[in-house]
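Enquirer: Sharing input_33.txt below, compact mmCIF, C-alpha atoms and all ligand atoms:
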```
# COMPACT_ATOMS: atom_id res chain seq x y z
CA MET O 1 21.68 28.85 18.34
CA SER O 2 18.38 30.66 17.90
CA THR O 3 18.75 32.62 14.71
CA THR O 4 15.42 33.18 12.94
CA THR O 5 14.84 33.18 9.21
CA ASP O 6 12.14 34.15 6.69
CA PHE O 7 12.63 30.91 4.79
CA THR O 8 10.07 28.14 5.12
CA LEU O 9 12.92 25.67 5.11
CA ALA O 10 16.50 26.46 6.09
CA ILE O 11 19.00 23.61 6.03
CA GLU O 12 22.54 24.28 7.25
CA GLY O 13 25.57 22.03 7.50
CA LEU O 14 23.41 18.94 7.15
CA THR O 15 25.46 15.75 7.20
CA VAL O 16 24.61 12.09 7.53
CA SER O 17 27.13 9.28 7.48
CA PHE O 18 26.34 5.62 7.13
CA ASP O 19 29.32 3.69 8.54
CA GLY O 20 31.65 6.53 7.67
CA PHE O 21 30.20 7.10 4.18
CA LYS O 22 28.77 10.61 3.93
CA ALA O 23 25.57 10.30 1.86
CA VAL O 24 24.82 13.98 2.55
CA ASP O 25 27.82 16.14 3.30
CA ASP O 26 27.56 19.63 4.81
CA LEU O 27 24.49 20.64 2.82
CA ASN O 28 23.00 24.14 2.89
CA LEU O 29 19.59 24.60 1.26
CA TYR O 30 17.00 27.36 1.64
CA ILE O 31 13.44 27.35 0.34
CA ASP O 32 11.04 30.30 0.38
CA LYS O 33 7.29 30.30 0.60
CA ASN O 34 5.75 30.01 -2.91
CA GLU O 35 8.99 28.48 -4.16
CA LEU O 36 9.17 25.27 -6.15
CA HIS O 37 12.68 23.94 -5.67
CA VAL O 38 13.99 20.96 -7.64
CA VAL O 39 16.93 18.79 -6.63
CA ILE O 40 18.63 16.93 -9.47
CA GLY O 41 21.78 14.84 -9.71
CA PRO O 42 23.11 11.40 -10.64
CA ASN O 43 21.98 8.14 -9.00
CA GLY O 44 23.27 7.83 -5.46
CA ALA O 45 23.90 11.58 -5.13
CA GLY O 46 21.97 11.70 -1.86
CA LYS O 47 18.71 13.28 -3.11
CA THR O 48 16.28 10.85 -1.48
CA THR O 49 18.39 10.87 1.68
CA VAL O 50 17.82 14.63 1.96
CA LEU O 51 14.05 14.02 1.99
CA ASP O 52 14.52 11.19 4.52
CA LEU O 53 16.40 13.62 6.77
CA ILE O 54 13.78 16.37 6.48
CA CYS O 55 10.87 14.05 7.29
CA GLY O 56 12.74 12.40 10.16
CA LYS O 57 12.99 8.94 8.62
CA THR O 58 16.78 9.20 8.84
CA LYS O 59 18.52 11.04 11.68
CA ALA O 60 21.20 13.59 10.85
CA THR O 61 24.75 13.07 12.06
CA SER O 62 25.13 16.85 12.33
CA GLY O 63 23.64 20.09 11.06
CA SER O 64 20.32 21.84 11.26
CA ILE O 65 16.94 21.68 9.50
CA LYS O 66 14.68 24.59 10.38
CA PHE O 67 11.08 24.48 9.19
CA LEU O 68 9.16 27.68 9.94
CA ASN O 69 11.97 28.36 12.43
CA VAL O 70 11.43 25.11 14.28
CA GLU O 71 14.36 22.69 14.50
CA LEU O 72 13.34 19.32 13.02
CA THR O 73 16.45 17.19 13.40
CA LYS O 74 15.53 15.84 16.85
CA LYS O 75 11.82 15.38 16.20
CA PRO O 76 10.07 12.07 15.48
CA GLU O 77 8.40 11.58 12.09
CA HIS O 78 4.79 12.03 13.25
CA GLU O 79 5.59 15.39 14.84
CA ILE O 80 7.22 16.56 11.62
CA VAL O 81 4.07 15.61 9.69
CA ARG O 82 1.94 17.45 12.23
CA ALA O 83 4.19 20.50 11.95
CA GLY O 84 3.16 20.70 8.26
CA VAL O 85 5.62 18.65 6.21
CA GLY O 86 4.06 16.29 3.65
CA ARG O 87 6.03 13.76 1.67
CA LYS O 88 5.12 11.68 -1.33
CA PHE O 89 7.12 8.52 -1.88
CA GLN O 90 7.91 7.03 -5.29
CA THR O 91 5.30 4.28 -5.07
CA PRO O 92 1.87 5.72 -4.27
CA SER O 93 0.40 4.60 -0.95
CA ILE O 94 -3.28 4.88 -1.76
CA TYR O 95 -6.04 2.50 -0.69
CA GLU O 96 -6.84 0.64 -3.92
CA ASN O 97 -10.16 -0.74 -2.63
CA LEU O 98 -11.50 2.61 -1.48
CA THR O 99 -12.97 5.17 -3.84
CA VAL O 100 -11.15 8.37 -4.69
CA LEU O 101 -13.54 10.22 -2.38
CA GLU O 102 -12.89 7.80 0.50
CA ASN O 103 -9.13 8.06 0.00
CA LEU O 104 -9.36 11.83 0.35
CA GLU O 105 -11.76 11.48 3.28
CA VAL O 106 -9.44 9.25 5.34
CA SER O 107 -6.62 11.70 4.73
CA TYR O 108 -8.61 14.64 6.05
CA PRO O 109 -6.81 15.74 9.26
CA GLU O 110 -9.76 15.31 11.63
CA GLY O 111 -10.70 12.02 9.98
CA ARG O 112 -7.66 10.41 11.49
CA GLY O 113 -7.18 8.09 14.45
CA ILE O 114 -9.64 5.62 15.93
CA PHE O 115 -12.00 8.13 17.50
CA GLY O 116 -11.57 10.45 14.55
CA SER O 117 -12.73 7.78 12.11
CA LEU O 118 -15.63 6.57 14.30
CA LEU O 119 -17.00 10.04 14.84
CA PHE O 120 -16.07 11.35 11.42
CA LYS O 121 -18.91 13.00 9.53
CA ARG O 122 -19.15 14.10 5.95
CA THR O 123 -19.95 17.64 6.97
CA PRO O 124 -20.40 20.32 4.29
CA LYS O 125 -17.00 21.71 5.27
CA VAL O 126 -15.31 18.33 4.71
CA MET O 127 -17.13 17.70 1.42
CA GLU O 128 -16.27 21.17 0.16
CA LYS O 129 -12.59 20.56 0.87
CA ILE O 130 -12.71 17.14 -0.81
CA HIS O 131 -14.30 18.60 -3.94
CA GLU O 132 -11.82 21.46 -4.01
CA ILE O 133 -8.87 19.05 -3.85
CA ALA O 134 -10.45 16.58 -6.33
CA ASN O 135 -10.85 19.44 -8.78
CA GLU O 136 -7.25 20.51 -8.29
CA ILE O 137 -5.88 17.00 -8.90
CA MET O 138 -8.14 16.55 -11.96
CA LEU O 139 -10.11 13.69 -10.40
CA ASP O 140 -13.46 15.39 -9.80
CA ASP O 141 -15.11 13.08 -12.35
CA ALA O 142 -13.64 9.99 -10.67
CA LEU O 143 -14.71 10.54 -7.04
CA ASP O 144 -16.80 7.34 -6.88
CA MET O 145 -14.29 5.17 -8.70
CA PRO O 146 -12.21 2.62 -6.76
CA ALA O 147 -8.68 4.02 -6.65
CA GLY O 148 -7.32 0.72 -7.97
CA LEU O 149 -8.93 1.46 -11.35
CA LEU O 150 -7.15 4.77 -11.84
CA SER O 151 -4.28 5.11 -14.31
CA HIS O 152 -0.74 5.19 -12.93
CA GLY O 153 -0.64 8.98 -13.30
CA GLN O 154 -4.02 9.46 -11.65
CA LYS O 155 -2.88 7.37 -8.68
CA GLN O 156 0.07 9.71 -8.27
CA TRP O 157 -2.27 12.71 -8.36
CA LEU O 158 -4.55 11.10 -5.81
CA GLU O 159 -1.66 10.68 -3.44
CA ILE O 160 -0.72 14.32 -3.96
CA GLY O 161 -4.35 15.17 -3.14
CA MET O 162 -4.19 13.09 0.04
CA LEU O 163 -1.25 15.23 1.13
CA LEU O 164 -2.84 18.51 -0.02
CA ILE O 165 -5.96 17.89 2.06
CA GLN O 166 -3.72 18.16 5.13
CA ASP O 167 -2.58 21.57 3.89
CA PRO O 168 1.19 21.10 4.36
CA GLN O 169 3.38 24.20 4.29
CA LEU O 170 6.14 22.08 2.74
CA LEU O 171 5.35 19.38 0.22
CA MET O 172 8.09 17.00 -0.92
CA LEU O 173 7.82 14.76 -3.98
CA ASP O 174 10.35 12.11 -5.02
CA GLU O 175 10.32 11.54 -8.79
CA PRO O 176 6.61 12.35 -9.23
CA VAL O 177 6.45 11.83 -13.01
CA ALA O 178 8.36 8.55 -13.25
CA GLY O 179 6.30 6.18 -15.40
CA MET O 180 3.82 8.84 -16.50
CA SER O 181 2.69 9.47 -20.07
CA VAL O 182 3.71 12.66 -21.87
CA LYS O 183 0.22 14.12 -21.38
CA GLU O 184 0.22 13.24 -17.67
CA ARG O 185 3.63 14.86 -17.25
CA GLU O 186 2.30 18.08 -18.77
CA GLN O 187 -0.74 18.01 -16.48
CA THR O 188 1.46 17.30 -13.46
CA ALA O 189 3.62 20.33 -14.30
CA VAL O 190 0.50 22.53 -14.27
CA LEU O 191 -0.63 20.93 -11.00
CA LEU O 192 2.71 21.48 -9.27
CA ASN O 193 2.87 25.09 -10.40
CA LYS O 194 -0.55 25.62 -8.88
CA ILE O 195 0.17 23.93 -5.57
CA SER O 196 3.40 25.82 -5.01
CA GLN O 197 1.28 28.95 -4.53
CA GLY O 198 0.97 29.59 -0.81
CA ARG O 199 3.45 26.92 0.27
CA SER O 200 6.90 25.52 -0.50
CA VAL O 201 7.47 22.51 -2.73
CA LEU O 202 10.60 20.39 -2.95
CA VAL O 203 10.79 18.00 -5.91
CA ILE O 204 13.39 15.41 -6.89
CA GLU O 205 13.31 14.57 -10.57
CA HIS O 206 15.43 13.15 -13.36
CA ASP O 207 13.22 14.24 -16.28
CA MET O 208 14.93 17.46 -17.35
CA GLU O 209 12.16 18.58 -19.67
CA PHE O 210 9.80 18.40 -16.71
CA VAL O 211 12.27 20.15 -14.39
CA GLU O 212 12.55 22.98 -16.89
CA ARG O 213 8.77 23.40 -16.79
CA ILE O 214 8.38 23.57 -13.03
CA ALA O 215 11.58 24.70 -11.31
CA HIS O 216 11.93 28.13 -9.76
CA LYS O 217 15.32 27.10 -8.43
CA VAL O 218 17.49 24.05 -8.96
CA THR O 219 20.09 22.44 -6.73
CA VAL O 220 22.42 19.85 -8.24
CA LEU O 221 23.69 17.25 -5.82
CA HIS O 222 26.72 15.07 -6.45
CA GLN O 223 28.25 12.71 -3.88
CA GLY O 224 26.26 14.36 -1.11
CA LYS O 225 27.48 17.87 -1.91
CA ILE O 226 26.09 20.77 -3.91
CA LEU O 227 27.66 20.87 -7.34
CA ALA O 228 25.68 23.90 -8.54
CA ALA O 229 22.59 25.89 -7.60
CA GLY O 230 20.51 28.64 -9.12
CA ASP O 231 17.94 29.00 -11.87
CA MET O 232 17.54 26.29 -14.49
CA HIS O 233 19.41 28.20 -17.19
CA LYS O 234 22.46 28.79 -15.01
CA VAL O 235 22.57 25.19 -13.80
CA GLN O 236 22.05 23.69 -17.27
CA HIS O 237 25.02 25.60 -18.64
CA ASP O 238 27.34 24.90 -15.75
CA PRO O 239 30.24 22.83 -17.17
CA LYS O 240 30.53 20.78 -13.97
CA VAL O 241 26.84 19.82 -14.17
CA VAL O 242 27.13 18.88 -17.83
CA GLU O 243 30.16 16.75 -17.03
CA VAL O 244 28.79 14.73 -14.12
CA TYR O 245 25.07 14.65 -14.94
CA LEU O 246 23.52 16.19 -18.01
CA GLY O 247 26.16 14.96 -20.43
CA HIS O 248 25.19 11.32 -19.81
N1 LIG O 301 19.78 4.06 5.29
C1 LIG O 301 20.90 3.94 4.57
N2 LIG O 301 21.94 3.19 4.99
C2 LIG O 301 23.07 3.10 4.27
N3 LIG O 301 23.29 3.73 3.10
C3 LIG O 301 22.30 4.48 2.63
C4 LIG O 301 21.05 4.65 3.33
N4 LIG O 301 20.27 5.49 2.61
C5 LIG O 301 20.97 5.82 1.52
N5 LIG O 301 22.19 5.23 1.52
C6 LIG O 301 23.25 5.41 0.50
O1 LIG O 301 23.40 6.80 0.32
C7 LIG O 301 23.66 7.11 -1.06
C8 LIG O 301 22.64 8.09 -1.56
O2 LIG O 301 21.39 7.43 -1.76
P1 LIG O 301 20.09 8.18 -2.23
O3 LIG O 301 19.01 7.19 -2.25
O4 LIG O 301 19.87 9.39 -1.38
O5 LIG O 301 20.46 8.64 -3.70
P2 LIG O 301 19.57 9.37 -4.80
O6 LIG O 301 20.29 10.63 -5.17
O7 LIG O 301 18.17 9.49 -4.33
O8 LIG O 301 19.67 8.37 -6.04
P3 LIG O 301 18.58 7.95 -7.16
O9 LIG O 301 18.62 9.03 -8.21
O10 LIG O 301 19.11 6.65 -7.69
O11 LIG O 301 17.25 7.81 -6.49
C9 LIG O 301 23.65 5.78 -1.81
O12 LIG O 301 24.99 5.34 -1.93
C10 LIG O 301 22.87 4.88 -0.87
O13 LIG O 301 23.24 3.53 -1.03
MG MG O 302 16.35 8.67 -4.95
```
Starting from the coordinates I provided, produce the structure as structure tokens.

Expert:
Amino acid sequence: MSTTTDFTLAIEGLTVSFDGFKAVDDLNLYIDKNELHVVIGPNGAGKTTVLDLICGKTKATSGSIKFLNVELTKKPEHEIVRAGVGRKFQTPSIYENLTVLENLEVSYPEGRGIFGSLLFKRTPKVMEKIHEIANEIMLDDALDMPAGLLSHGQKQWLEIGMLLIQDPQLLMLDEPVAGMSVKEREQTAVLLNKISQGRSVLVIEHDMEFVERIAHKVTVLHQGKILAAGDMHKVQHDPKVVEVYLGH
């Protein structure tokens, strides 16, 4: 099949079974450019598995994942990253002993690989990009600080910055505000709203107050299937969603 689409991400009939158990079951999900899409649902619903499938960590049993009209389901993880898909895991994978600046520097696309790092120069272009990202993630005053000294929330922002510096067209975040203070949650909402401009963002989150602040569209997963989808208001008032998720 070679149908084309205007969506950044178009998932159709996506299914994965683990020993006969369907963790994701015939899922359809579409995300536009500039859209911030949130997936919610009870524990074990299959939310993280959807991200694993998109980034190639888990292979689909059947179905299609088209990113900018390119089929991802058969591609290895590194090719999916290179195609422009960035993913943040729940525990930040930053280099604690490096400064904030150095963390951003090693994440710069041309700073990668053995030759890349040996020949890498802090050119004005690189430094400009690092400062732009540091400003966006609210760490411009902490550039020379070892990343290990940052607060939990700041570490999460740094990891987001390390993804942003690669300019992904799709950014995926799994429970980005878990463990954050109220103030940090508010700042993260502003940050995510900003970074959804010009790309697509897919967020998994349990904090409904936060979801309400950021979501353009919401998909509710339950037992690997879509229970409801639409804007926050519609989803929040869906009796099925209240019964299996929000009511608890
Ligand atoms: N690689 C795997 N092998 C076997 N089973 C798996 C694998 N990955 C996930 N599962 C199972 O699939 C189901 C969905 O898990 P998943 O982590 O996607 O849920 P989730 O919606 O992210 O839940 P939570 O809100 O707790 O993070 C669970 O029953 C889980 O045990
Ligand atoms: Mg999960």

Enquirer: So that I can see what lies close to O:Tyr245, please list as a list of chain:residue names the residues with an atom at most 9 Å from it, counting only C-alpha atoms and leaving out residues fewer than 5 positions away in the same chain.

Expert: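 Selected residues are O:Ile40, O:Gly41, O:Pro42, O:Val220, O:His222, O:Lys240.
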
Enquirer: Using C-alpha atoms, can you export the residues from the last selection as a PDB file, in the coordinates of the input?

Expert:
```pdb
ATOM      1  CA  ILE O  40      18.630  16.930  -9.470  1.00  0.00           C
ATOM      2  CA  GLY O  41      21.780  14.840  -9.710  1.00  0.00           C
ATOM      3  CA  PRO O  42      23.110  11.400 -10.640  1.00  0.00           C
ATOM      4  CA  VAL O 220      22.420  19.850  -8.240  1.00  0.00           C
ATOM      5  CA  HIS O 222      26.720  15.070  -6.450  1.00  0.00           C
ATOM      6  CA  LYS O 240      30.530  20.780 -13.970  1.00  0.00           C
TER       7      LYS O 240
END
```

Enquirer: Check which residues fall inside 9 Å of ligand MG 302 (chain O) when counting all atoms listed in the file, and print them as a ChimeraX atom specification.

Expert: /O:43-49,90,174-175,204-205

Enquirer: Calculated over all atoms listed in the file, which of the candidates O:Leu98, O:Val106, O:Val38, O:Leu72 has the smallest distance to O:Leu192?

Expert: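 Of O:Leu98, O:Val106, O:Val38, O:Leu72, the one nearest O:Leu192, counting all atoms listed in the file, is O:Val38.
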
Enquirer: Using all atoms of stretch 16-26 of chain O that appear in the file, construct an axis-aligned enclosing box with 8 Å of padding on every side and provide its centre coordinates and edge lengths in Å, rounded to one decimal, as lines of an AutoDock Vina configuration file.

Expert:
```
center_x = 28.1
center_y = 11.7
center_z = 5.2
size_x = 23.0
size_y = 31.9
size_z = 22.7
```

Enquirer: Between atom O10 of ligand LIG 301 (chain O) and atom CA of O:Gln166, what is the distance in Å, rounded to a tenth?

Expert: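 Calculated distance between atom O10 of ligand LIG 301 (chain O) and atom CA of O:Gln166 is 28.6 Å.
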
Enquirer: So what do you get for atom CA of O:Met180 versus atom CA of O:Pro92, distance-wise?

Expert: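 Calculated distance between atom CA of O:Met180 and atom CA of O:Pro92 is 12.8 Å.
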
Enquirer: Calculate how many Å separate atom CA of O:Met162 from atom CA of O:Ala142, rounding to one decimal.

Expert: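 Computing the Euclidean distance for atom CA of O:Met162 and atom CA of O:Ala142 yields 14.6 Å.
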
Enquirer: Which residue gives the smallest distance to O:Leu14 among O:Ala83, O:Met172, O:Ile226, O:Met208, with only C-alpha atoms counted?

Expert: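 For O:Leu14, the nearest of the given residues is O:Ile226.
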
Enquirer: So that I can check the surroundings of O:Ile65, please list as a compact mmCIF listing (two decimals) with C-alpha atoms, keeping the file's coordinate frame every protein, DNA and RNA residue that reaches within 7 Å of it, counting all atoms listed in the file and ignoring chain neighbours fewer than 6 positions away.

Expert:
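The resulting part-v3.txt:
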```txt
# COMPACT_ATOMS: atom_id res chain seq x y z
CA ALA O 10 16.50 26.46 6.09
CA ILE O 11 19.00 23.61 6.03
CA GLU O 12 22.54 24.28 7.25
CA ILE O 54 13.78 16.37 6.48
CA GLU O 71 14.36 22.69 14.50
CA LEU O 72 13.34 19.32 13.02
CA THR O 73 16.45 17.19 13.40
```

Enquirer: Would you please work out which residue, of O:Leu104, O:Ile137, O:Glu79, O:Arg122, is nearest to O:Gly56 when using all atoms listed in the file?

Expert: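 Result for the nearest residue to O:Gly56: O:Glu79.
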
Enquirer: Please work out which residues fall within 10 Å of (3.1, 21.3, -7.6), coordinates as given in the file, with only C-alpha atoms counting, and return them as a list in words.

Expert: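 So the residues meeting the distance criterion are Glu35, Leu36, Ile160, Leu171, Met172, Leu173, Pro176, Thr188, Ala189, Val190, Leu191, Leu192, Asn193, Lys194, Ile195, Ser196, Gln197, Arg199, Ser200, Val201, Leu202, Val203, Ile214 and Ala215 of chain O.
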
Enquirer: Quick one: of O:Asp25, O:Glu243, O:Asp231, O:Glu102, who's nearest to ligand LIG 301 (chain O), counting all atoms listed in the file?

Expert: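 Among the listed residues, O:Asp25 lies closest to ligand LIG 301 (chain O).
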
Enquirer: So, counting only C-alpha atoms and all ligand atoms, which residue among O:Leu150, O:Leu246, O:Leu221, O:Leu101 is closest to ligand LIG 301 (chain O)?

Expert: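 Nearest to ligand LIG 301 (chain O): O:Leu221.
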
Enquirer: Using all atoms listed in the file, which of the listed residues (O:Arg213, O:Lys125, O:Lys225, O:His37) sits closest to O:Val16?

Expert: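 Of O:Arg213, O:Lys125, O:Lys225, O:His37, the one nearest O:Val16, counting all atoms listed in the file, is O:Lys225.
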
Enquirer: Using only C-alpha atoms, determine which residues lie at most 12 Å from O:Thr15, disregarding the query and same-chain residues fewer than 4 positions distant; provide the list as number ranges by chain.

Expert: O: 11, 20-28, 46, 49-50, 53-54, 58-65, 73, 223-225

Enquirer: Name the residues in contact with O:Thr8 at a cut-off of 8 Å, using all atoms listed in the file, excluding same-chain residues fewer than 5 positions from it; report them as a ChimeraX atom specification.

Expert: /O:30-33,66-69,169-170,200
